[in-house]
file work.txt (compact mmCIF, C-alpha atoms)
# COMPACT_ATOMS: atom_id res chain seq x y z
CA MET A 27 45.38 35.40 -22.56
CA LYS A 28 42.32 33.21 -22.25
CA SER A 29 42.54 29.59 -21.23
CA PRO A 30 42.14 27.18 -24.16
CA ALA A 31 39.45 24.57 -23.64
CA LEU A 32 42.11 21.90 -24.15
CA ASN A 33 43.82 23.05 -20.96
CA GLN A 34 40.89 21.70 -18.92
CA LEU A 35 41.90 18.24 -20.12
CA ARG A 36 45.58 18.92 -19.45
CA GLY A 37 44.97 20.43 -16.02
CA ILE A 38 45.22 24.04 -14.78
CA VAL A 39 47.23 25.39 -11.82
CA THR A 40 46.54 28.81 -10.28
CA VAL A 41 49.70 30.29 -8.75
CA THR A 42 50.80 33.47 -6.95
CA VAL A 43 54.29 34.77 -7.90
CA ARG A 44 56.23 37.04 -5.52
CA GLY A 45 59.77 38.40 -5.04
CA GLY A 46 62.57 38.70 -7.64
CA SER A 47 61.91 40.14 -11.06
CA ILE A 48 58.33 39.23 -12.04
CA GLU A 49 58.61 41.18 -15.32
CA GLN A 50 61.67 39.15 -16.30
CA LEU A 51 59.80 35.93 -15.41
CA VAL A 52 56.91 36.89 -17.70
CA ASN A 53 59.35 37.60 -20.52
CA GLU A 54 61.08 34.24 -19.95
CA LEU A 55 57.69 32.46 -20.06
CA SER A 56 56.88 34.15 -23.35
CA HIS A 57 60.34 33.29 -24.75
CA GLN A 58 59.91 29.62 -23.76
CA GLY A 59 56.44 29.47 -25.38
CA ILE A 60 54.67 28.88 -22.06
CA ASP A 61 51.11 30.24 -22.06
CA ILE A 62 49.73 32.01 -19.00
CA TRP A 63 46.34 33.71 -18.61
CA ASP A 64 44.11 35.49 -16.11
CA VAL A 65 47.15 37.51 -15.00
CA GLN A 66 46.22 39.79 -12.06
CA PRO A 67 48.70 42.19 -10.36
CA LEU A 68 48.43 42.16 -6.56
CA PRO A 69 49.59 44.64 -3.90
CA GLY A 70 53.16 44.18 -2.63
CA GLY A 71 54.62 43.34 -6.04
CA GLN A 72 52.80 40.00 -6.35
CA MET A 73 50.91 38.53 -9.28
CA ASN A 74 48.28 35.82 -9.79
CA MET A 75 48.18 33.77 -12.97
CA LYS A 76 47.02 30.47 -14.40
CA ILE A 77 49.24 27.99 -16.19
CA ALA A 78 48.76 24.55 -17.77
CA LEU A 79 49.87 21.60 -15.62
CA PRO A 80 52.60 20.33 -18.03
CA ASP A 81 54.05 23.85 -18.21
CA PHE A 82 53.97 24.18 -14.42
CA PHE A 83 56.73 21.60 -14.12
CA ARG A 84 58.95 23.71 -16.47
CA LEU A 85 58.92 26.70 -14.13
CA ARG A 86 61.69 25.61 -11.72
CA PRO A 87 64.74 26.78 -13.77
CA LEU A 88 62.97 30.02 -14.72
CA LEU A 89 62.21 30.77 -11.08
CA LYS A 90 65.88 30.24 -10.15
CA ARG A 91 67.09 32.61 -12.87
CA THR A 92 64.63 35.37 -11.96
CA GLY A 93 64.74 34.92 -8.16
CA CYS A 94 60.96 34.54 -7.97
CA ARG A 95 59.01 32.28 -5.67
CA LEU A 96 55.47 30.95 -6.16
CA SER A 97 52.71 29.31 -4.16
CA VAL A 98 49.91 27.21 -5.56
CA GLN A 99 46.45 28.66 -4.95
CA GLY A 100 44.26 26.17 -6.80
CA ARG A 101 44.08 23.18 -9.09
CA SER A 102 41.41 22.24 -11.65
CA GLY A 103 40.96 20.11 -14.71
CA LEU A 104 40.73 16.43 -15.59
CA PRO A 105 44.06 15.19 -14.09
CA PHE A 106 43.13 16.52 -10.64
CA VAL A 107 39.59 15.13 -10.86
CA LEU A 108 40.98 11.70 -11.76
CA GLY A 109 43.44 11.99 -8.88
CA ARG A 110 40.66 12.66 -6.39
CA VAL A 111 38.61 9.83 -7.83
CA TRP A 112 41.55 7.45 -7.55
CA LYS A 113 41.90 8.27 -3.87
CA ARG A 114 38.30 7.09 -3.45
CA LYS A 115 38.65 4.03 -5.63
CA GLY A 116 37.08 1.86 -2.94
CA PHE A 117 33.94 4.00 -2.95
CA ILE A 118 33.83 4.08 -6.75
CA ALA A 119 34.23 0.32 -6.94
CA GLY A 120 31.48 -0.15 -4.36
CA PHE A 121 29.17 2.19 -6.24
CA ALA A 122 29.87 0.34 -9.49
CA LEU A 123 29.10 -2.96 -7.78
CA PHE A 124 25.90 -1.48 -6.37
CA ILE A 125 24.77 -0.37 -9.84
CA ALA A 126 25.65 -3.80 -11.22
CA ALA A 127 23.70 -5.47 -8.40
CA ILE A 128 20.66 -3.27 -9.07
CA PHE A 129 20.83 -4.13 -12.75
CA CYS A 130 21.04 -7.86 -11.97
CA LEU A 131 18.21 -7.68 -9.44
CA SER A 132 16.00 -5.81 -11.88
CA SER A 133 16.62 -8.57 -14.40
CA LEU A 134 15.06 -11.23 -12.15
CA VAL A 135 11.44 -12.22 -11.62
CA TRP A 136 10.62 -11.51 -7.97
CA ASP A 137 6.89 -12.08 -7.75
CA VAL A 138 4.32 -14.14 -9.66
CA GLU A 139 0.69 -13.15 -9.03
CA VAL A 140 -2.43 -14.98 -10.17
CA VAL A 141 -5.65 -12.99 -10.55
CA GLY A 142 -9.13 -13.72 -11.86
CA ASN A 143 -9.32 -17.36 -10.80
CA LYS A 144 -12.13 -18.69 -8.62
CA GLU A 145 -12.59 -22.35 -9.47
CA ILE A 146 -9.03 -23.16 -10.59
CA ALA A 147 -6.61 -23.38 -7.66
CA SER A 148 -3.81 -20.80 -7.70
CA GLN A 149 -1.32 -23.56 -6.87
CA ASP A 150 -2.26 -25.44 -10.06
CA ILE A 151 -1.79 -22.28 -12.11
CA LEU A 152 1.60 -21.55 -10.53
CA GLN A 153 2.72 -25.13 -11.12
CA ALA A 154 1.78 -24.90 -14.81
CA ALA A 155 3.58 -21.54 -15.01
CA ARG A 156 6.73 -23.04 -13.45
CA GLN A 157 6.78 -25.68 -16.18
CA GLU A 158 6.87 -22.82 -18.69
CA GLY A 159 9.71 -21.09 -16.83
CA ILE A 160 7.69 -18.54 -14.86
CA TYR A 161 8.80 -18.61 -11.24
CA PRO A 162 10.58 -16.31 -8.74
CA PHE A 163 14.33 -15.70 -9.34
CA GLN A 164 14.05 -16.61 -13.02
CA TRP A 165 15.98 -14.35 -15.41
CA ILE A 166 13.57 -12.11 -17.29
CA PHE A 167 15.51 -12.43 -20.55
CA ARG A 168 15.03 -16.22 -20.41
CA LEU A 169 11.23 -15.97 -20.46
CA PRO A 170 9.53 -16.93 -23.73
CA GLU A 171 7.36 -14.43 -25.58
CA GLN A 172 4.21 -13.48 -23.68
CA ASP A 173 1.91 -14.69 -26.47
CA LYS A 174 3.54 -18.11 -26.39
CA LEU A 175 3.29 -18.26 -22.59
CA SER A 176 -0.42 -17.38 -22.74
CA ALA A 177 -1.11 -20.07 -25.33
CA GLU A 178 0.78 -22.78 -23.41
CA LEU A 179 -0.90 -21.94 -20.11
CA SER A 180 -4.34 -21.95 -21.75
CA ARG A 181 -3.59 -25.41 -23.10
CA LYS A 182 -2.43 -26.73 -19.71
CA LEU A 183 -5.38 -25.29 -17.77
CA PRO A 184 -8.56 -26.95 -19.11
CA GLY A 185 -10.83 -24.85 -16.90
CA ALA A 186 -9.56 -21.56 -18.38
CA SER A 187 -10.95 -20.00 -21.53
CA TRP A 188 -8.13 -17.43 -21.71
CA VAL A 189 -4.85 -16.81 -19.88
CA GLY A 190 -2.90 -13.57 -20.19
CA VAL A 191 0.68 -13.02 -19.02
CA THR A 192 1.93 -9.50 -18.37
CA ARG A 193 5.14 -8.22 -16.81
CA THR A 194 5.48 -5.01 -14.81
CA GLY A 195 9.08 -4.54 -13.75
CA THR A 196 10.06 -7.63 -11.78
CA LYS A 197 6.47 -8.81 -11.26
CA ILE A 198 4.65 -11.30 -13.49
CA THR A 199 0.84 -11.20 -13.45
CA ILE A 200 -1.13 -14.18 -14.76
CA GLN A 201 -4.69 -13.11 -15.61
CA VAL A 202 -7.09 -16.03 -15.83
CA VAL A 203 -10.54 -15.98 -17.41
CA GLU A 204 -12.31 -19.16 -16.43
CA ALA A 205 -14.62 -21.01 -18.77
CA THR A 206 -18.27 -20.29 -18.01
CA LYS A 207 -20.04 -23.30 -16.59
CA PRO A 208 -23.78 -23.72 -16.37
CA LYS A 209 -24.94 -22.67 -12.95
CA ASP A 210 -25.97 -25.46 -10.71
CA GLN A 211 -29.69 -25.23 -10.29
CA LYS A 212 -30.69 -25.02 -6.69
CA LEU A 213 -32.82 -27.94 -5.71
CA VAL A 214 -36.10 -26.58 -4.45
CA SER A 215 -39.03 -28.32 -2.94
CA PRO A 216 -42.61 -27.13 -2.60
CA SER A 217 -43.03 -24.92 0.43
CA HIS A 218 -45.19 -22.38 2.21
CA LEU A 219 -44.14 -18.85 3.06
CA VAL A 220 -44.79 -18.35 6.77
CA SER A 221 -44.28 -15.44 9.16
CA LYS A 222 -41.02 -15.25 11.13
CA HIS A 223 -42.56 -12.96 13.76
CA ASP A 224 -45.81 -11.78 15.22
CA ALA A 225 -46.59 -8.84 12.95
CA VAL A 226 -49.11 -6.62 11.18
CA ILE A 227 -48.95 -6.92 7.37
CA THR A 228 -48.04 -3.65 5.62
CA HIS A 229 -47.29 -4.98 2.13
CA ILE A 230 -47.92 -8.27 0.34
CA TYR A 231 -47.32 -9.09 -3.32
CA ALA A 232 -47.45 -12.72 -4.47
CA GLU A 233 -45.83 -13.36 -7.83
CA ARG A 234 -46.48 -17.08 -7.48
CA GLY A 235 -48.61 -18.83 -4.88
CA GLN A 236 -51.91 -18.28 -3.11
CA PRO A 237 -51.96 -15.39 -0.54
CA GLU A 238 -53.61 -16.40 2.74
CA VAL A 239 -53.51 -12.94 4.38
CA ARG A 240 -54.13 -9.35 3.38
CA LYS A 241 -52.69 -5.95 4.18
CA ASN A 242 -53.33 -4.80 7.79
CA ASP A 243 -53.95 -8.38 8.96
CA ARG A 244 -52.34 -9.31 12.28
CA VAL A 245 -50.42 -12.59 11.96
CA LYS A 246 -48.70 -14.91 14.42
CA LYS A 247 -45.24 -16.38 14.17
CA GLY A 248 -45.38 -19.52 11.97
CA GLN A 249 -48.69 -18.55 10.32
CA VAL A 250 -48.92 -19.30 6.57
CA LEU A 251 -48.75 -16.11 4.54
CA VAL A 252 -48.60 -17.53 1.01
CA SER A 253 -49.67 -21.12 0.34
CA GLY A 254 -47.45 -23.46 -1.60
CA PHE A 255 -50.48 -25.05 -3.31
CA GLN A 256 -51.84 -23.58 -6.51
CA GLY A 257 -54.49 -25.35 -8.56
CA GLY A 258 -54.18 -28.31 -6.26
CA LYS A 259 -50.46 -28.74 -7.06
CA PRO A 260 -47.53 -28.01 -4.73
CA ILE A 261 -45.31 -25.17 -5.97
CA MET A 262 -42.46 -22.96 -4.82
CA PRO A 263 -44.14 -19.62 -4.00
CA VAL A 264 -42.49 -16.28 -4.80
CA ALA A 265 -43.68 -13.24 -2.88
CA LYS A 266 -42.61 -10.05 -1.10
CA ILE A 267 -44.19 -9.60 2.30
CA ARG A 268 -43.40 -6.87 4.82
CA GLY A 269 -44.91 -6.21 8.19
CA ILE A 270 -44.57 -4.24 11.41
CA VAL A 271 -42.69 -6.17 14.09
CA TRP A 272 -42.01 -5.18 17.71
CA HIS A 273 -38.57 -5.71 19.28
CA GLU A 274 -37.56 -5.06 22.86
CA TYR A 275 -33.97 -4.37 23.89
CA ASN A 276 -32.50 -4.33 27.38
CA ILE A 277 -29.49 -2.02 27.09
CA GLN A 278 -26.77 -1.07 29.53
CA VAL A 279 -24.14 1.59 28.81
CA PRO A 280 -21.27 2.59 31.17
CA LEU A 281 -20.93 6.27 32.05
CA VAL A 282 -17.13 5.96 32.11
CA TYR A 283 -15.29 4.41 29.15
CA LYS A 284 -11.75 4.23 27.78
CA GLN A 285 -10.49 5.45 24.42
CA LYS A 286 -7.08 4.97 22.81
CA VAL A 287 -5.32 8.18 21.66
CA TYR A 288 -1.85 9.15 20.38
CA THR A 289 0.38 11.13 22.75
CA GLY A 290 2.48 12.69 19.97
CA GLU A 291 5.66 10.90 21.05
CA ARG A 292 7.17 8.72 18.35
CA LYS A 293 10.31 6.85 17.40
CA GLN A 294 11.33 6.28 13.80
CA ARG A 295 13.41 3.46 12.41
CA GLY A 296 14.89 3.20 8.93
CA TYR A 297 15.57 -0.03 7.07
CA LEU A 298 17.12 -0.97 3.75
CA TYR A 299 14.95 -3.83 2.54
CA PHE A 300 15.79 -6.41 -0.06
CA GLY A 301 12.90 -8.72 -0.93
CA ASP A 302 11.65 -10.05 2.42
CA THR A 303 14.88 -9.12 4.22
CA ALA A 304 15.34 -5.76 5.98
CA ILE A 305 18.53 -4.34 7.51
CA GLN A 306 18.13 -1.58 10.10
CA PHE A 307 20.23 1.55 9.59
CA THR A 308 18.65 4.18 11.84
CA GLY A 309 16.57 4.41 14.98
CA TYR A 310 18.48 2.00 17.19
CA GLY A 311 17.56 1.81 20.84
CA LYS A 312 14.88 0.29 23.00
CA VAL A 313 11.34 1.62 22.76
CA SER A 314 10.25 2.55 26.27
CA TYR A 315 6.59 3.17 25.49
CA ALA A 316 4.18 1.17 27.65
CA GLN A 317 1.65 1.15 24.79
CA SER A 318 2.40 1.83 21.14
CA GLU A 319 1.23 1.34 17.59
CA THR A 320 3.56 0.73 14.64
CA MET A 321 3.02 2.11 11.13
CA THR A 322 5.19 0.94 8.21
CA ASP A 323 5.81 2.74 4.92
CA GLN A 324 7.86 1.30 2.04
CA ASP A 325 9.53 3.42 -0.65
CA PRO A 326 10.89 1.08 -3.36
CA LEU A 327 13.49 2.08 -5.93
CA THR A 328 12.10 2.55 -9.41
CA TRP A 329 13.78 2.20 -12.76
CA ARG A 330 12.00 3.13 -15.98
CA GLY A 331 8.67 2.90 -14.21
CA TRP A 332 9.46 -0.49 -12.64
CA LYS A 333 9.34 -0.99 -8.91
CA LEU A 334 12.42 -2.86 -7.79
CA PRO A 335 12.37 -5.30 -4.84
CA ILE A 336 14.79 -3.06 -2.95
CA GLY A 337 14.22 0.24 -1.25
CA TRP A 338 13.87 2.15 2.00
CA MET A 339 11.35 1.22 4.67
CA THR A 340 10.31 3.60 7.43
CA GLU A 341 8.80 2.26 10.61
CA LYS A 342 7.07 4.70 12.95
CA VAL A 343 6.45 3.56 16.51
CA MET A 344 3.81 5.90 17.97
CA GLU A 345 3.10 6.02 21.67
CA THR A 346 -0.54 5.56 22.64
CA THR A 347 -2.42 5.87 25.88
CA GLU A 348 -5.92 5.22 27.10
CA LEU A 349 -7.99 8.15 28.25
CA GLU A 350 -10.82 7.70 30.68
CA LEU A 351 -13.81 9.62 29.33
CA LYS A 352 -17.21 10.27 30.85
CA ARG A 353 -20.68 10.39 29.35
CA THR A 354 -23.71 12.09 30.73
CA GLU A 355 -26.76 9.93 31.37
CA GLU A 356 -28.42 11.43 28.30
CA GLN A 357 -25.38 10.67 26.11
CA ALA A 358 -25.26 7.09 27.45
CA LYS A 359 -28.95 6.63 26.66
CA GLN A 360 -28.51 7.88 23.08
CA GLU A 361 -25.45 5.67 22.60
CA GLY A 362 -27.41 2.63 23.74
CA ILE A 363 -30.34 3.39 21.45
CA GLU A 364 -28.05 3.88 18.43
CA ARG A 365 -26.30 0.61 19.25
CA ALA A 366 -29.70 -1.19 19.31
CA LYS A 367 -30.68 0.35 15.96
CA ARG A 368 -27.47 -0.88 14.35
CA ASP A 369 -28.17 -4.34 15.72
CA ILE A 370 -31.70 -4.33 14.23
CA LEU A 371 -30.40 -3.43 10.76
CA ALA A 372 -27.68 -6.09 11.01
CA LYS A 373 -30.09 -8.85 12.09
CA TYR A 374 -33.18 -8.10 10.03
CA GLY A 375 -31.73 -6.49 6.92
CA THR A 376 -30.63 -3.04 5.88
CA ASP A 377 -34.00 -2.49 4.19
CA SER A 378 -35.69 -2.58 7.59
CA VAL A 379 -37.29 0.71 8.63
CA ILE A 380 -37.48 1.76 12.29
CA LEU A 381 -40.86 3.49 12.56
CA ASP A 382 -40.96 4.28 16.26
CA GLN A 383 -39.17 3.78 19.55
CA LYS A 384 -40.36 4.01 23.13
CA ILE A 385 -38.35 3.83 26.34
CA LEU A 386 -40.22 1.54 28.72
CA HIS A 387 -37.81 1.73 31.64
CA GLU A 388 -34.76 3.81 32.50
CA LYS A 389 -32.39 4.02 35.49
CA ALA A 390 -28.78 4.81 36.42
CA ASP A 391 -26.97 2.56 38.89
CA ASN A 392 -23.36 1.60 39.68
CA GLY A 393 -21.89 3.83 36.98
CA LYS A 394 -24.16 2.48 34.23
CA VAL A 395 -27.38 3.51 32.54
CA TYR A 396 -29.98 0.78 32.10
CA ILE A 397 -32.80 1.22 29.59
CA LYS A 398 -35.50 -0.98 28.14
CA VAL A 399 -36.55 0.17 24.65
CA HIS A 400 -39.49 -0.93 22.49
CA PHE A 401 -38.89 -0.56 18.71
CA GLU A 402 -41.53 -0.69 16.00
CA VAL A 403 -39.86 -1.93 12.81
CA GLU A 404 -41.15 -2.56 9.29
CA GLN A 405 -39.22 -5.49 7.84
CA ASN A 406 -39.37 -8.59 5.68
CA ILE A 407 -41.25 -11.25 7.65
CA ALA A 408 -41.50 -14.23 5.26
CA GLU A 409 -39.50 -17.45 5.38
CA GLU A 410 -39.84 -20.76 3.56
CA VAL A 411 -41.16 -23.91 5.26
CA PRO A 412 -41.15 -27.09 3.14
CA ILE A 413 -44.47 -28.81 2.55
CA VAL A 414 -44.57 -32.25 4.15
CA GLN A 415 -46.91 -34.58 2.26
CA ASP A 416 -48.19 -37.93 3.40
CA GLN A 417 -46.60 -40.87 1.60
CA GLY A 418 -50.07 -42.19 0.78
CA GLU A 419 -51.05 -39.14 -1.17
call {"tool": "encode", "arguments": {"input": "work.txt", "output": "structure tokens"}}
result
Amino acid sequence: MKSPALNQLRGIVTVTVRGGSIEQLVNELSHQGIDIWDVQPLPGGQMNMKIALPDFFRLRPLLKRTGCRLSVQGRSGLPFVLGRVWKRKGFIAGFALFIAAIFCLSSLVWDVEVVGNKEIASQDILQAARQEGIYPFQWIFRLPEQDKLSAELSRKLPGASWVGVTRTGTKITIQVVEATKPKDQKLVSPSHLVSKHDAVITHIYAERGQPEVRKNDRVKKGQVLVSGFQGGKPIMPVAKIRGIVWHEYNIQVPLVYKQKVYTGERKQRGYLYFGDTAIQFTGYGKVSYAQSETMTDQDPLTWRGWKLPIGWMTEKVMETTELELKRTEEQAKQEGIERAKRDILAKYGTDSVILDQKILHEKADNGKVYIKVHFEVEQNIAEEVPIVQDQGE
């Protein structure tokens, strides 16, 4: 006889019957209207069978009459599940409270971010938003409609042409588009373009102003390249002037240097974080590394695509050490030259072109390499110098 599906709700007991008259017991069960199923004969005159839980409690008088004994082999069904759950009612209650807490936390505003503002202070925007009910720990369901919030914030922020309010999970983002203001015109005065260095002109193009030099001319530092007078009137010249300039660098590079590396040893700590608060759960113990570097990784809980302000944070403490490395004299020389080239580009512009280099002097002493290098660089050489006119003119 197969088990009715309803018996899963009533509860099922698997029993082994032995001794006495098992055939008589089966007949008695049938006479009493007690259903059994999955009946399996076993060696030694025993038998396995399944019986509904309410019927199990009716077996005692039948067992006495037939002289049979039984042992329970298994229990299944809803009553037993509920019984096991009830034994863990503390855990179930805690889990229910945890779910309720997560739901409450996900219903709060945890962060308010302002983006797009340059002229309007973020503090002024946040203060206006607070007046409209946008602030941390506010209930999300109490917030007005986003269109209404945008309109009210636009009205309260005169310097903004448009304000948008969007919500992603527990985070509110206020997007500000500031009103375009006329750019302040830079006050300029008539000036000359003069050379910043001693140089040889390689390119000169004057869009406005009177050129005073030509290509391939050798000029001195401070010499006028483009005059600020045109037609007898002072102007602000506009020109592009490039020239070859010579720079000398005295460089020293140590042959022995230190470099930080990871040893492979690490210690990992685990935290449950809640907002800005973190509670450590794993990785207790003192870190004995003399030198270390810490890397942090956060894994927030998500719900329907929202990142909640609660999650698991992993902190990796990685042991480091300093290795003492050596360079050859040739490697030290190349390192020094590359360092000088980077300095040239940083000082004189990334459009500068290093045409040639020449080592004037080189020696190794006291664990260092000393070199003196002459660089030939094509770069922008013009700078503005205001025109000073006599008051009587």
call {"tool": "closest_residue", "arguments": {"input": "work.txt", "among": "A:Phe83, A:Thr92, A:Tyr297, A:Leu68", "to": "A:Asn53", "atoms": "all atoms listed in the file"}}
result
A:Thr92
call {"tool": "closest_residue", "arguments": {"input": "work.txt", "among": "A:Trp112, A:Tyr275, A:Tyr231, A:Phe124", "to": "A:His387", "atoms": "only C-alpha atoms"}}
result
A:Tyr275
call {"tool": "residues_near_point", "arguments": {"input": "work.txt", "point": "(58.2, 23.9, -22.8)", "cutoff": "7 Å", "atoms": "all atoms listed in the file", "output": "count of residues only"}}
result
5
call {"tool": "residues_near_point", "arguments": {"input": "work.txt", "point": "(42.9, 17.7, -17.7)", "cutoff": "12 Å", "atoms": "only C-alpha atoms", "output": "list in words"}}
result
Pro30, Ala31, Leu32, Asn33, Gln34, Leu35, Arg36, Gly37, Ile38, Val39, Ala78, Leu79, Pro80, Arg101, Ser102, Gly103, Leu104, Pro105, Phe106, Val107, Leu108 and Gly109 of chain A
call {"tool": "closest_residue", "arguments": {"input": "work.txt", "among": "A:Val220, A:Ile270, A:Leu134, A:Leu55", "to": "A:Leu169", "atoms": "only C-alpha atoms"}}
result
A:Leu134
call {"tool": "residues_around", "arguments": {"input": "work.txt", "residues": "A:Ala390", "least_positions_apart": "2", "cutoff": "12 Å", "atoms": "only C-alpha atoms", "output": "PyMOL selection string"}}
result
chain A and resi 277-281+354-356+358-359+387-388+392-397
call {"tool": "axis_aligned_box", "arguments": {"input": "work.txt", "around": "stretch 301-309 of chain A", "padding_each_side": "4 Å", "output": "JSON"}}
result
{"center_x": 15.9, "center_y": -2.8, "center_z": 7.0, "size_x": 16.6, "size_y": 22.5, "size_z": 23.9}
call {"tool": "closest_residue", "arguments": {"input": "work.txt", "among": "A:Ile413, A:Leu179, A:Val140, A:Ile77", "to": "A:Gln157", "atoms": "all atoms listed in the file"}}
result
A:Leu179
call {"tool": "atom_distance", "arguments": {"input": "work.txt", "atom1": "atom CA of A:Tyr299", "atom2": "atom CA of A:Val111"}}
result
29.2 Å
call {"tool": "closest_residue", "arguments": {"input": "work.txt", "among": "A:Val411, A:Leu88, A:Val264, A:Val403", "to": "A:Asp224", "atoms": "all atoms listed in the file"}}
result
A:Val403
call {"tool": "closest_residue", "arguments": {"input": "work.txt", "among": "A:Ser217, A:Thr328, A:Glu238, A:Val343", "to": "A:Tyr315", "atoms": "all atoms listed in the file"}}
result
A:Val343
call {"tool": "atom_distance", "arguments": {"input": "work.txt", "atom1": "atom CA of A:Tyr310", "atom2": "atom CA of A:Glu341"}}
result
11.7 Å
call {"tool": "residues_around", "arguments": {"input": "work.txt", "residues": "A:Gln72", "least_positions_apart": "4", "cutoff": "10 Å", "atoms": "all atoms listed in the file", "output": "list in words"}}
result
Thr42, Val43, Arg44, Gly45, Gly46, Ile48, Gln66, Pro67, Leu68, Cys94, Arg95 and Leu96 of chain A
call {"tool": "closest_atom_pairs", "arguments": {"input": "work.txt", "of": "stretch 178-224 of chain A", "to": "stretch 252-260 of chain A", "cutoff": "10 Å", "atoms": "only C-alpha atoms", "output": "CSV"}}
result
residue,atom,partner,partner_atom,distance
A:Ser215,CA,A:Pro260,CA,8.7
A:Pro216,CA,A:Pro260,CA,5.4
A:Ser217,CA,A:Gly254,CA,5.1
A:His218,CA,A:Gly254,CA,4.6
A:Leu219,CA,A:Val252,CA,5.1
A:Val220,CA,A:Val252,CA,7.0
A:Ser221,CA,A:Val252,CA,9.5
call {"tool": "atom_distance", "arguments": {"input": "work.txt", "atom1": "atom CA of A:Leu334", "atom2": "atom CA of A:Gly301"}}
result
9.0 Å
call {"tool": "residues_around", "arguments": {"input": "work.txt", "residues": "A:Asn242", "least_positions_apart": "5", "cutoff": "9 Å", "atoms": "all atoms listed in the file", "output": "tab-separated table (two decimals) with C-alpha atoms, keeping the file's coordinate frame"}}
result
chain	number	residue	atom	x	y	z
A	226	VAL	CA	-49.11	-6.62	11.18
A	227	ILE	CA	-48.95	-6.92	7.37
A	228	THR	CA	-48.04	-3.65	5.62
A	229	HIS	CA	-47.29	-4.98	2.13
A	269	GLY	CA	-44.91	-6.21	8.19
call {"tool": "build_atoms", "arguments": {"input": "work.txt", "residues": "stretch 257-270 of chain A", "atoms": "N, CA and C atoms", "output": "short mmCIF file (atom, residue, chain, number, x, y, z; two decimals), in the frame of the given file"}}
result
data_model
loop_
_atom_site.label_atom_id
_atom_site.label_comp_id
_atom_site.auth_asym_id
_atom_site.auth_seq_id
_atom_site.Cartn_x
_atom_site.Cartn_y
_atom_site.Cartn_z
N GLY A 257 -53.79 -24.43 -7.66
CA GLY A 257 -54.49 -25.35 -8.56
C GLY A 257 -54.39 -26.79 -8.10
N GLY A 258 -54.26 -26.97 -6.81
CA GLY A 258 -54.18 -28.31 -6.26
C GLY A 258 -52.80 -28.94 -6.37
N LYS A 259 -51.83 -28.21 -6.91
CA LYS A 259 -50.46 -28.74 -7.06
C LYS A 259 -49.50 -27.98 -6.17
N PRO A 260 -48.53 -28.70 -5.55
CA PRO A 260 -47.53 -28.01 -4.73
C PRO A 260 -46.55 -27.24 -5.61
N ILE A 261 -46.22 -26.01 -5.21
CA ILE A 261 -45.31 -25.17 -5.97
C ILE A 261 -44.32 -24.51 -5.00
N MET A 262 -43.38 -23.78 -5.60
CA MET A 262 -42.46 -22.96 -4.82
C MET A 262 -42.93 -21.52 -4.93
N PRO A 263 -43.58 -20.97 -3.89
CA PRO A 263 -44.14 -19.62 -4.00
C PRO A 263 -43.05 -18.55 -4.05
N VAL A 264 -43.37 -17.45 -4.74
CA VAL A 264 -42.49 -16.28 -4.80
C VAL A 264 -43.33 -15.07 -4.42
N ALA A 265 -42.89 -14.38 -3.34
CA ALA A 265 -43.68 -13.24 -2.88
C ALA A 265 -42.80 -12.30 -2.06
N LYS A 266 -43.26 -11.04 -1.95
CA LYS A 266 -42.61 -10.05 -1.10
C LYS A 266 -43.62 -9.63 -0.05
N ILE A 267 -43.26 -9.87 1.21
CA ILE A 267 -44.19 -9.60 2.30
C ILE A 267 -43.44 -8.84 3.39
N ARG A 268 -43.99 -7.68 3.76
CA ARG A 268 -43.40 -6.87 4.82
C ARG A 268 -44.46 -6.62 5.89
N GLY A 269 -43.98 -6.45 7.10
CA GLY A 269 -44.91 -6.21 8.19
C GLY A 269 -44.24 -5.46 9.32
N ILE A 270 -45.08 -4.94 10.23
CA ILE A 270 -44.57 -4.24 11.41
C ILE A 270 -44.34 -5.25 12.51
#
